[in-house]
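Novice: The structure follows.
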Protein chains: 2
Amino acid sequence: MTGSGTTERRSRKDAARNREAVLAAADDLFTRCGSPEDVTMADVAAAAGVGKGTIFRAFGDRAGLLRALYEVRLEPIREAIEAGPPPLGPTAAPRDRVPALLDAVLCFKLDNRRLALALEEGGSGSPYRAEHYGRWHGLLQAVLEQIPGLPDSDFTAHALLAATRADLVEHLAGEERVPREKMRAQLADFTARLLACGPPRGVAAEE
Amino acid sequence: MTGSGTTERRSRKDAARNREAVLAAADDLFTRCGSPEDVTMADVAAAAGVGKGTIFRAFGDRAGLLRALYEVRLEPIREAIEAGPPPLGPTAAPRDRVPALLDAVLCFKLDNRRLALALEEGGSGSPYRAEHYGRWHGLLQAVLEQIPGLPDSDFTAHALLAATRADLVEHLAGEERVPREKMRAQLADFTARLLACGPPRGVAAEE
DNA sequence: TAGAATCCGGACTGTGGGTCCGTTTTGACG
DNA sequence: CGTCAAAACGGACCCACAGTCCGGATTCTA
């Protein structure tokens, strides 16, 4: 081990401290403010008690800051998906895991509306180029592929994820006042209807 | 009509001429350029041979210009939907009309990629607040409602439209090189799977 | 043709992301 | 503990772009 007691050896301790301060300040500002657009980098810098230069040095650009925040918030979910129990974890049956994954995405966006919004809107260029989207899509597609009789897993994964787009979620939750549980149920039902085809299964004409 | 030969009586003829010039120039620039972001209002003004003030006087702001362009391009489709023959027109059976509507939206976005992109991204705030989205959603929801056994027509309409989001279409067509016909088929199949529940229906698994 | 209303157009402003560099902090070494 | 170089700080600065303003040109009315 190195002599120092901190977690990393690479950055100076004031750098690490400021990085955390910025992260905390940004997190706070984004959850508090009405629209992500009116949180400027200067605001974040002021709230964190640092200069603008410090932020750009630590995160590269605005998108980098958003991404860093996103990773932090996403960590628990990611873990539950990679090594957790069913229905989210890898041991779940595909038919159960697909709706669980989508529900997790939806809940995440409901819990982090402003952040997700800022990430999808302001993220330089298309959200589909962001590598975190690629991860979600890849995973969902792989799971869909394991369900027999479902063609076009690639497009299907895109389409299902599109139903959880941050601005749609924001619109439904904010503008149309759809309660959380109702939205979850609607997404689950939508997914279920899609997966209902193919293999033997009751007609599912309930209600 | 009034004594003048032009369509309107309210605007001076140089105003009308400039309006058309701006519309044409913007249309041209948007289809030509790589990303809508790097078409500035000054560019449009220069290409149209007018001053910036003229554009803002005529269209209010950037979003207004986009909206005006959109309306022009959408006109034929709108007509086909309101008074055309099946499967797009109002006399079509709901089960046939839903996929036809979605296909029309998809084709429109394929034919006007940059414009649709600019409209959904840069359109001040959420695309869900734009009234043209409201029209699409309202229509689709109304048609979905007529299909027996389909719950949540409101959410379903949102989710289906989300599958035709401009940036997703752009990503698939541009980045992943999915050919037009394939994308149409995938969307049609996706829709068909959703509507497959309930009443008896052929499998419709054509290629 | 005179006069007034309307419109034109480009100089100007405000704002926010991103850069630069003189100054300060840190940590290693003697 | 004193010295020094590397790293980080921070806010003044730059630039690009949406949107505004007003002196001057154009068009309609009488």
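Chain labels run A, B, ... following the order of the structure tokens; each chain numbers its residues from 1, and ligands are numbered from 1 in the order shown.
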Give me the residues within 10 Å of C:DC20 as a VMD selection string, counting only C-alpha atoms (C1' of nucleotides) and dropping any in the same chain fewer than 4 places off.
Specialist: (chain A and resid 53) or (chain D and resid 12 to 14)
Novice: Put those residues in a file: C-alpha atoms (C1' of nucleotides), as an mmCIF file, in the first residue's frame.
Specialist:
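Result file is again_3.cif:
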```cif
data_model
loop_
_atom_site.group_PDB
_atom_site.id
_atom_site.type_symbol
_atom_site.label_atom_id
_atom_site.label_comp_id
_atom_site.auth_asym_id
_atom_site.auth_seq_id
_atom_site.Cartn_x
_atom_site.Cartn_y
_atom_site.Cartn_z
ATOM 1 C CA GLY A 53 -11.969 26.046 -14.522
ATOM 2 C "C1'" DA D 12 -11.112 37.060 -16.401
ATOM 3 C "C1'" DC D 13 -11.579 36.255 -21.104
ATOM 4 C "C1'" DC D 14 -13.237 34.519 -25.733
#
```
Novice: What are the closest atom pairs, with distances in Å to one decimal, for all residues of chain A lying within 8 Å of chain C? Consider only C-alpha atoms (C1' of nucleotides), order rows by chain and residue number, and present the result as JSON lines.
Specialist:
```
{"residue": "A:Arg12", "atom": "CA", "partner": "C:DT26", "partner_atom": "C1'", "distance": 7.2}
{"residue": "A:Thr40", "atom": "CA", "partner": "C:DG16", "partner_atom": "C1'", "distance": 7.1}
{"residue": "A:Met41", "atom": "CA", "partner": "C:DG17", "partner_atom": "C1'", "distance": 7.8}
{"residue": "A:Phe56", "atom": "CA", "partner": "C:DG18", "partner_atom": "C1'", "distance": 7.9}
{"residue": "A:Asp61", "atom": "CA", "partner": "C:DG18", "partner_atom": "C1'", "distance": 7.7}
```
Novice: Could those residues be written to a file, using all heavy atoms, as an mmCIF file, in the first residue's frame?
Specialist:
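Produced file part-v6.cif, reproduced below:
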```
data_model
loop_
_atom_site.group_PDB
_atom_site.id
_atom_site.type_symbol
_atom_site.label_atom_id
_atom_site.label_comp_id
_atom_site.auth_asym_id
_atom_site.auth_seq_id
_atom_site.Cartn_x
_atom_site.Cartn_y
_atom_site.Cartn_z
ATOM 1 N N ARG A 12 -4.373 14.707 -6.446
ATOM 2 C CA ARG A 12 -4.077 15.434 -5.226
ATOM 3 C C ARG A 12 -5.340 15.559 -4.404
ATOM 4 O O ARG A 12 -6.443 15.528 -4.942
ATOM 5 C CB ARG A 12 -3.561 16.831 -5.606
ATOM 6 C CG ARG A 12 -2.088 16.990 -5.356
ATOM 7 C CD ARG A 12 -1.555 18.202 -6.036
ATOM 8 N NE ARG A 12 -2.260 19.425 -5.677
ATOM 9 C CZ ARG A 12 -1.833 20.638 -6.042
ATOM 10 N NH1 ARG A 12 -0.739 20.768 -6.753
ATOM 11 N NH2 ARG A 12 -2.499 21.694 -5.707
ATOM 12 N N THR A 40 -26.666 26.483 -14.859
ATOM 13 C CA THR A 40 -25.483 26.726 -15.681
ATOM 14 C C THR A 40 -24.243 26.190 -14.973
ATOM 15 O O THR A 40 -24.252 25.923 -13.772
ATOM 16 C CB THR A 40 -25.291 28.219 -15.948
ATOM 17 O OG1 THR A 40 -24.799 28.839 -14.755
ATOM 18 C CG2 THR A 40 -26.591 28.866 -16.357
ATOM 19 N N MET A 41 -23.194 26.061 -15.738
ATOM 20 C CA MET A 41 -21.944 25.585 -15.155
ATOM 21 C C MET A 41 -21.451 26.574 -14.110
ATOM 22 O O MET A 41 -20.867 26.183 -13.100
ATOM 23 C CB MET A 41 -20.903 25.403 -16.256
ATOM 24 C CG MET A 41 -21.285 24.353 -17.276
ATOM 25 S SD MET A 41 -21.587 22.735 -16.571
ATOM 26 C CE MET A 41 -19.956 22.023 -16.703
ATOM 27 N N PHE A 56 -14.325 22.145 -15.329
ATOM 28 C CA PHE A 56 -13.973 21.663 -16.671
ATOM 29 C C PHE A 56 -12.707 20.814 -16.632
ATOM 30 O O PHE A 56 -12.551 19.870 -17.403
ATOM 31 C CB PHE A 56 -13.833 22.839 -17.628
ATOM 32 C CG PHE A 56 -15.152 23.420 -18.032
ATOM 33 C CD1 PHE A 56 -15.672 24.525 -17.388
ATOM 34 C CD2 PHE A 56 -15.902 22.821 -19.024
ATOM 35 C CE1 PHE A 56 -16.914 25.046 -17.751
ATOM 36 C CE2 PHE A 56 -17.141 23.329 -19.397
ATOM 37 C CZ PHE A 56 -17.639 24.447 -18.749
ATOM 38 N N ASP A 61 -16.380 18.481 -19.855
ATOM 39 C CA ASP A 61 -17.415 19.408 -20.292
ATOM 40 C C ASP A 61 -18.716 19.085 -19.554
ATOM 41 O O ASP A 61 -18.754 18.198 -18.704
ATOM 42 C CB ASP A 61 -17.618 19.347 -21.803
ATOM 43 C CG ASP A 61 -17.976 17.949 -22.256
ATOM 44 O OD1 ASP A 61 -18.122 17.078 -21.383
ATOM 45 O OD2 ASP A 61 -18.103 17.718 -23.461
#
```
Novice: Taking only residues of chain B that have an atom at most 12 Å from an atom of chain D, what is each one's shortest atom pair and its distance in Å to one decimal, using only C-alpha atoms (C1' of nucleotides), in chain and number order, as CSV?
Specialist:
```
residue,atom,partner,partner_atom,distance
B:Ser4,CA,D:DC28,C1',11.5
B:Arg9,CA,D:DC28,C1',11.5
B:Arg10,CA,D:DC28,C1',11.4
B:Ser11,CA,D:DT27,C1',10.5
B:Arg12,CA,D:DT27,C1',7.0
B:Lys13,CA,D:DT27,C1',8.2
B:Asp14,CA,D:DT27,C1',8.3
B:Ala15,CA,D:DT27,C1',10.2
B:Glu37,CA,D:DC17,C1',10.6
B:Asp38,CA,D:DC17,C1',10.2
B:Val39,CA,D:DC17,C1',10.4
B:Thr40,CA,D:DC17,C1',7.2
B:Met41,CA,D:DA18,C1',7.9
B:Ala42,CA,D:DC17,C1',8.6
B:Asp43,CA,D:DC17,C1',10.8
B:Lys52,CA,D:DG19,C1',9.4
B:Gly53,CA,D:DT20,C1',8.4
B:Thr54,CA,D:DG19,C1',11.8
B:Ile55,CA,D:DG19,C1',10.7
B:Phe56,CA,D:DG19,C1',7.8
B:Arg57,CA,D:DG19,C1',10.6
B:Phe59,CA,D:DG19,C1',11.9
B:Gly60,CA,D:DG19,C1',9.3
B:Asp61,CA,D:DG19,C1',7.7
B:Arg62,CA,D:DA18,C1',8.0
B:Ala63,CA,D:DA18,C1',11.0
B:Gly122,CA,D:DA18,C1',11.8
B:Ser124,CA,D:DA18,C1',11.8
```
Novice: Just the selected residues (N, CA and C atoms), exported as a PDB file, in the first residue's frame, please.
Specialist:
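result-v5.pdb, written as the output of this step:
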```
ATOM      1  N   SER B   4     -56.031  42.467 -54.980  1.00  0.00           N
ATOM      2  CA  SER B   4     -54.684  41.942 -55.187  1.00  0.00           C
ATOM      3  C   SER B   4     -54.727  40.489 -55.619  1.00  0.00           C
ATOM      4  N   ARG B   9     -54.164  39.273 -47.828  1.00  0.00           N
ATOM      5  CA  ARG B   9     -54.275  40.718 -48.011  1.00  0.00           C
ATOM      6  C   ARG B   9     -53.470  41.458 -46.935  1.00  0.00           C
ATOM      7  N   ARG B  10     -53.072  40.719 -45.902  1.00  0.00           N
ATOM      8  CA  ARG B  10     -52.517  41.365 -44.749  1.00  0.00           C
ATOM      9  C   ARG B  10     -51.058  41.815 -44.888  1.00  0.00           C
ATOM     10  N   SER B  11     -50.277  41.054 -45.602  1.00  0.00           N
ATOM     11  CA  SER B  11     -48.851  41.383 -45.634  1.00  0.00           C
ATOM     12  C   SER B  11     -48.461  42.085 -46.928  1.00  0.00           C
ATOM     13  N   ARG B  12     -47.493  42.915 -46.820  1.00  0.00           N
ATOM     14  CA  ARG B  12     -46.966  43.569 -48.005  1.00  0.00           C
ATOM     15  C   ARG B  12     -46.273  42.527 -48.862  1.00  0.00           C
ATOM     16  N   LYS B  13     -46.197  42.788 -50.146  1.00  0.00           N
ATOM     17  CA  LYS B  13     -45.734  41.688 -50.993  1.00  0.00           C
ATOM     18  C   LYS B  13     -44.262  41.355 -50.799  1.00  0.00           C
ATOM     19  N   ASP B  14     -43.448  42.320 -50.422  1.00  0.00           N
ATOM     20  CA  ASP B  14     -42.051  41.985 -50.148  1.00  0.00           C
ATOM     21  C   ASP B  14     -41.959  41.092 -48.904  1.00  0.00           C
ATOM     22  N   ALA B  15     -42.872  41.334 -47.971  1.00  0.00           N
ATOM     23  CA  ALA B  15     -42.893  40.487 -46.777  1.00  0.00           C
ATOM     24  C   ALA B  15     -43.205  39.040 -47.156  1.00  0.00           C
ATOM     25  N   GLU B  37     -28.021  21.376 -35.689  1.00  0.00           N
ATOM     26  CA  GLU B  37     -27.398  22.305 -34.759  1.00  0.00           C
ATOM     27  C   GLU B  37     -26.511  23.318 -35.480  1.00  0.00           C
ATOM     28  N   ASP B  38     -25.845  22.873 -36.528  1.00  0.00           N
ATOM     29  CA  ASP B  38     -24.956  23.813 -37.178  1.00  0.00           C
ATOM     30  C   ASP B  38     -25.591  24.539 -38.356  1.00  0.00           C
ATOM     31  N   VAL B  39     -26.878  24.692 -38.288  1.00  0.00           N
ATOM     32  CA  VAL B  39     -27.540  25.653 -39.169  1.00  0.00           C
ATOM     33  C   VAL B  39     -28.027  26.785 -38.275  1.00  0.00           C
ATOM     34  N   THR B  40     -27.348  27.918 -38.351  1.00  0.00           N
ATOM     35  CA  THR B  40     -27.728  29.021 -37.468  1.00  0.00           C
ATOM     36  C   THR B  40     -28.739  29.916 -38.179  1.00  0.00           C
ATOM     37  N   MET B  41     -29.390  30.727 -37.396  1.00  0.00           N
ATOM     38  CA  MET B  41     -30.358  31.657 -37.969  1.00  0.00           C
ATOM     39  C   MET B  41     -29.660  32.610 -38.931  1.00  0.00           C
ATOM     40  N   ALA B  42     -28.448  32.979 -38.610  1.00  0.00           N
ATOM     41  CA  ALA B  42     -27.693  33.861 -39.499  1.00  0.00           C
ATOM     42  C   ALA B  42     -27.440  33.175 -40.837  1.00  0.00           C
ATOM     43  N   ASP B  43     -27.150  31.878 -40.790  1.00  0.00           N
ATOM     44  CA  ASP B  43     -26.956  31.114 -42.019  1.00  0.00           C
ATOM     45  C   ASP B  43     -28.206  31.184 -42.891  1.00  0.00           C
ATOM     46  N   LYS B  52     -31.336  39.139 -40.479  1.00  0.00           N
ATOM     47  CA  LYS B  52     -31.861  38.313 -39.393  1.00  0.00           C
ATOM     48  C   LYS B  52     -33.197  38.828 -38.876  1.00  0.00           C
ATOM     49  N   GLY B  53     -33.282  40.145 -38.779  1.00  0.00           N
ATOM     50  CA  GLY B  53     -34.507  40.748 -38.263  1.00  0.00           C
ATOM     51  C   GLY B  53     -35.734  40.270 -39.021  1.00  0.00           C
ATOM     52  N   THR B  54     -35.566  40.100 -40.322  1.00  0.00           N
ATOM     53  CA  THR B  54     -36.691  39.672 -41.152  1.00  0.00           C
ATOM     54  C   THR B  54     -37.206  38.304 -40.735  1.00  0.00           C
ATOM     55  N   ILE B  55     -36.283  37.406 -40.449  1.00  0.00           N
ATOM     56  CA  ILE B  55     -36.690  36.065 -40.045  1.00  0.00           C
ATOM     57  C   ILE B  55     -37.469  36.102 -38.738  1.00  0.00           C
ATOM     58  N   PHE B  56     -36.911  36.824 -37.782  1.00  0.00           N
ATOM     59  CA  PHE B  56     -37.562  36.839 -36.473  1.00  0.00           C
ATOM     60  C   PHE B  56     -38.899  37.567 -36.530  1.00  0.00           C
ATOM     61  N   ARG B  57     -38.969  38.581 -37.401  1.00  0.00           N
ATOM     62  CA  ARG B  57     -40.249  39.268 -37.568  1.00  0.00           C
ATOM     63  C   ARG B  57     -41.292  38.305 -38.127  1.00  0.00           C
ATOM     64  N   PHE B  59     -41.259  34.847 -38.177  1.00  0.00           N
ATOM     65  CA  PHE B  59     -41.516  33.557 -37.534  1.00  0.00           C
ATOM     66  C   PHE B  59     -41.409  33.577 -36.020  1.00  0.00           C
ATOM     67  N   GLY B  60     -41.066  34.714 -35.462  1.00  0.00           N
ATOM     68  CA  GLY B  60     -41.006  34.799 -34.004  1.00  0.00           C
ATOM     69  C   GLY B  60     -39.689  34.342 -33.434  1.00  0.00           C
ATOM     70  N   ASP B  61     -39.398  33.055 -33.592  1.00  0.00           N
ATOM     71  CA  ASP B  61     -38.120  32.527 -33.120  1.00  0.00           C
ATOM     72  C   ASP B  61     -37.766  31.283 -33.914  1.00  0.00           C
ATOM     73  N   ARG B  62     -36.681  30.684 -33.549  1.00  0.00           N
ATOM     74  CA  ARG B  62     -36.208  29.507 -34.284  1.00  0.00           C
ATOM     75  C   ARG B  62     -37.266  28.416 -34.342  1.00  0.00           C
ATOM     76  N   ALA B  63     -37.873  28.153 -33.205  1.00  0.00           N
ATOM     77  CA  ALA B  63     -38.895  27.110 -33.160  1.00  0.00           C
ATOM     78  C   ALA B  63     -40.049  27.432 -34.100  1.00  0.00           C
ATOM     79  N   GLY B 122     -34.391  20.898 -30.701  1.00  0.00           N
ATOM     80  CA  GLY B 122     -34.268  22.312 -30.375  1.00  0.00           C
ATOM     81  C   GLY B 122     -35.580  22.981 -29.998  1.00  0.00           C
ATOM     82  N   SER B 124     -37.974  24.558 -28.193  1.00  0.00           N
ATOM     83  CA  SER B 124     -37.890  25.050 -26.811  1.00  0.00           C
ATOM     84  C   SER B 124     -38.630  24.152 -25.823  1.00  0.00           C
TER      85      SER B 124
END
```
Novice: Within 10 Å of chain B, which residues of chain A come that close, and what is the closest atom pair and distance in Å for each? Count only C-alpha atoms and give it as a tab-separated table.
Specialist:
```
residue	atom	partner	partner_atom	distance
A:Ser35	CA	B:Gly125	CA	8.8
A:Glu37	CA	B:Gly125	CA	8.9
A:Leu117	CA	B:Ser126	CA	9.6
A:Glu120	CA	B:Glu121	CA	10.0
A:Glu121	CA	B:Glu121	CA	7.2
A:Gly122	CA	B:Glu121	CA	9.2
A:Gly125	CA	B:Ser35	CA	8.7
A:Ser126	CA	B:Asp167	CA	6.3
A:Pro127	CA	B:Asp167	CA	7.9
A:Tyr128	CA	B:His171	CA	6.7
A:Arg129	CA	B:His171	CA	8.1
A:Leu150	CA	B:Arg193	CA	9.4
A:Pro151	CA	B:Asp189	CA	8.7
A:Asp152	CA	B:Gln186	CA	6.8
A:Ser153	CA	B:Gln186	CA	9.8
A:Asp154	CA	B:Gln186	CA	9.6
A:Phe155	CA	B:Gln186	CA	6.8
A:Thr156	CA	B:Phe190	CA	6.9
A:His158	CA	B:Ala163	CA	7.4
A:Ala159	CA	B:Ala163	CA	4.7
A:Leu160	CA	B:Ala163	CA	7.6
A:Leu161	CA	B:Ala163	CA	8.6
A:Ala162	CA	B:Ala162	CA	5.3
A:Ala163	CA	B:Ala159	CA	4.7
A:Thr164	CA	B:Ala159	CA	8.2
A:Arg165	CA	B:Ala162	CA	7.8
A:Ala166	CA	B:Ser126	CA	9.9
A:Asp167	CA	B:Ser126	CA	6.3
A:Leu168	CA	B:Tyr128	CA	7.1
A:Glu170	CA	B:Ser126	CA	8.9
A:His171	CA	B:Tyr128	CA	6.7
A:Leu172	CA	B:Phe155	CA	8.9
A:Glu175	CA	B:Arg129	CA	9.0
A:Met183	CA	B:Phe155	CA	8.3
A:Ala185	CA	B:Asp152	CA	9.9
A:Gln186	CA	B:Phe155	CA	6.8
A:Leu187	CA	B:Phe155	CA	8.0
A:Asp189	CA	B:Asp152	CA	8.7
A:Phe190	CA	B:Thr156	CA	6.9
A:Thr191	CA	B:Leu194	CA	8.8
A:Ala192	CA	B:Leu194	CA	9.1
A:Arg193	CA	B:Leu194	CA	5.7
A:Leu194	CA	B:Leu194	CA	5.1
A:Leu195	CA	B:Arg193	CA	8.1
A:Ala196	CA	B:Cys197	CA	7.6
A:Cys197	CA	B:Arg193	CA	6.7
A:Gly198	CA	B:Arg193	CA	9.5
A:Val203	CA	B:Gly198	CA	7.3
A:Ala204	CA	B:Cys197	CA	7.2
A:Ala205	CA	B:Gly198	CA	5.4
A:Glu206	CA	B:Gly149	CA	8.6
A:Glu207	CA	B:Gly149	CA	7.6
```
Novice: Using only C-alpha atoms (C1' of nucleotides), which protein or nucleic acid residues come within 7 Å of B:Pro87? Drop anything in the same chain fewer than 4 positions from it, and give the result as a ChimeraX atom specification.
Specialist: /B:92,96-97,100
Novice: Keeping only N, CA, C and O atoms, write those residues as a PDB file, in the first residue's frame.
Specialist:
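Wrote again20.pdb, looks like this:
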```
ATOM      1  N   ALA B  92     -60.930   3.686 -42.605  1.00  0.00           N
ATOM      2  CA  ALA B  92     -60.231   2.419 -42.408  1.00  0.00           C
ATOM      3  C   ALA B  92     -60.620   1.774 -41.084  1.00  0.00           C
ATOM      4  O   ALA B  92     -61.012   2.463 -40.135  1.00  0.00           O
ATOM      5  N   ASP B  96     -56.309  -1.725 -39.001  1.00  0.00           N
ATOM      6  CA  ASP B  96     -55.463  -1.434 -40.155  1.00  0.00           C
ATOM      7  C   ASP B  96     -54.916  -0.014 -40.093  1.00  0.00           C
ATOM      8  O   ASP B  96     -53.846   0.280 -40.633  1.00  0.00           O
ATOM      9  N   ARG B  97     -55.671   0.833 -39.459  1.00  0.00           N
ATOM     10  CA  ARG B  97     -55.307   2.250 -39.485  1.00  0.00           C
ATOM     11  C   ARG B  97     -54.141   2.556 -38.557  1.00  0.00           C
ATOM     12  O   ARG B  97     -53.300   3.403 -38.859  1.00  0.00           O
ATOM     13  N   ALA B 100     -50.928   1.884 -40.221  1.00  0.00           N
ATOM     14  CA  ALA B 100     -50.797   2.826 -41.338  1.00  0.00           C
ATOM     15  C   ALA B 100     -50.372   4.195 -40.836  1.00  0.00           C
ATOM     16  O   ALA B 100     -49.516   4.862 -41.430  1.00  0.00           O
TER      17      ALA B 100
END
```
Novice: Per DSSP on the backbone, what are the alpha helix (DSSP H) residues of stretch 50-121 of chain B, as a VMD selection string?
Specialist: chain B and resid 52 to 59 62 to 83 94 to 111 113 to 121
Novice: Give me, as a PDB file with N, CA and C atoms, in the first residue's frame, all polymer residues having an atom no more than 8 Å from stretch 21-33 of chain B, counting only C-alpha atoms (C1' of nucleotides) and skipping those fewer than 6 positions away in the same chain.
Specialist:
```pdb
ATOM      1  N   VAL B  39     -26.878  24.692 -38.288  1.00  0.00           N
ATOM      2  CA  VAL B  39     -27.540  25.653 -39.169  1.00  0.00           C
ATOM      3  C   VAL B  39     -28.027  26.785 -38.275  1.00  0.00           C
ATOM      4  N   VAL B  44     -29.331  30.910 -42.261  1.00  0.00           N
ATOM      5  CA  VAL B  44     -30.589  30.925 -43.003  1.00  0.00           C
ATOM      6  C   VAL B  44     -30.817  32.294 -43.615  1.00  0.00           C
ATOM      7  N   ALA B  45     -30.587  33.324 -42.815  1.00  0.00           N
ATOM      8  CA  ALA B  45     -30.788  34.683 -43.319  1.00  0.00           C
ATOM      9  C   ALA B  45     -29.898  34.946 -44.528  1.00  0.00           C
ATOM     10  N   ALA B  47     -28.501  32.766 -46.554  1.00  0.00           N
ATOM     11  CA  ALA B  47     -28.898  31.939 -47.688  1.00  0.00           C
ATOM     12  C   ALA B  47     -30.156  32.480 -48.360  1.00  0.00           C
ATOM     13  N   ALA B  48     -31.017  33.072 -47.559  1.00  0.00           N
ATOM     14  CA  ALA B  48     -32.258  33.600 -48.123  1.00  0.00           C
ATOM     15  C   ALA B  48     -32.053  35.003 -48.688  1.00  0.00           C
ATOM     16  N   GLY B  49     -30.906  35.587 -48.381  1.00  0.00           N
ATOM     17  CA  GLY B  49     -30.639  36.942 -48.862  1.00  0.00           C
ATOM     18  C   GLY B  49     -31.416  38.011 -48.126  1.00  0.00           C
ATOM     19  N   VAL B  50     -31.678  37.762 -46.858  1.00  0.00           N
ATOM     20  CA  VAL B  50     -32.385  38.759 -46.041  1.00  0.00           C
ATOM     21  C   VAL B  50     -31.617  38.984 -44.740  1.00  0.00           C
ATOM     22  N   ILE B  55     -36.283  37.406 -40.449  1.00  0.00           N
ATOM     23  CA  ILE B  55     -36.690  36.065 -40.045  1.00  0.00           C
ATOM     24  C   ILE B  55     -37.469  36.102 -38.738  1.00  0.00           C
ATOM     25  N   LEU B  65     -39.911  29.043 -36.913  1.00  0.00           N
ATOM     26  CA  LEU B  65     -39.480  28.725 -38.272  1.00  0.00           C
ATOM     27  C   LEU B  65     -39.573  27.225 -38.523  1.00  0.00           C
ATOM     28  N   ALA B  68     -43.165  26.197 -38.921  1.00  0.00           N
ATOM     29  CA  ALA B  68     -43.729  26.583 -40.213  1.00  0.00           C
ATOM     30  C   ALA B  68     -43.278  25.615 -41.303  1.00  0.00           C
ATOM     31  N   LEU B  69     -42.000  25.268 -41.287  1.00  0.00           N
ATOM     32  CA  LEU B  69     -41.477  24.311 -42.258  1.00  0.00           C
ATOM     33  C   LEU B  69     -42.203  22.973 -42.131  1.00  0.00           C
ATOM     34  N   ASN B 112     -37.735  13.440 -43.859  1.00  0.00           N
ATOM     35  CA  ASN B 112     -37.402  14.776 -43.362  1.00  0.00           C
ATOM     36  C   ASN B 112     -36.582  14.667 -42.091  1.00  0.00           C
ATOM     37  N   ARG B 113     -35.552  13.865 -42.152  1.00  0.00           N
ATOM     38  CA  ARG B 113     -34.785  13.547 -40.950  1.00  0.00           C
ATOM     39  C   ARG B 113     -34.303  14.776 -40.203  1.00  0.00           C
ATOM     40  N   ARG B 114     -33.588  15.636 -40.890  1.00  0.00           N
ATOM     41  CA  ARG B 114     -32.979  16.787 -40.214  1.00  0.00           C
ATOM     42  C   ARG B 114     -34.043  17.700 -39.643  1.00  0.00           C
ATOM     43  N   LEU B 115     -35.088  17.905 -40.399  1.00  0.00           N
ATOM     44  CA  LEU B 115     -36.153  18.787 -39.929  1.00  0.00           C
ATOM     45  C   LEU B 115     -36.803  18.222 -38.667  1.00  0.00           C
TER      46      LEU B 115
END
```
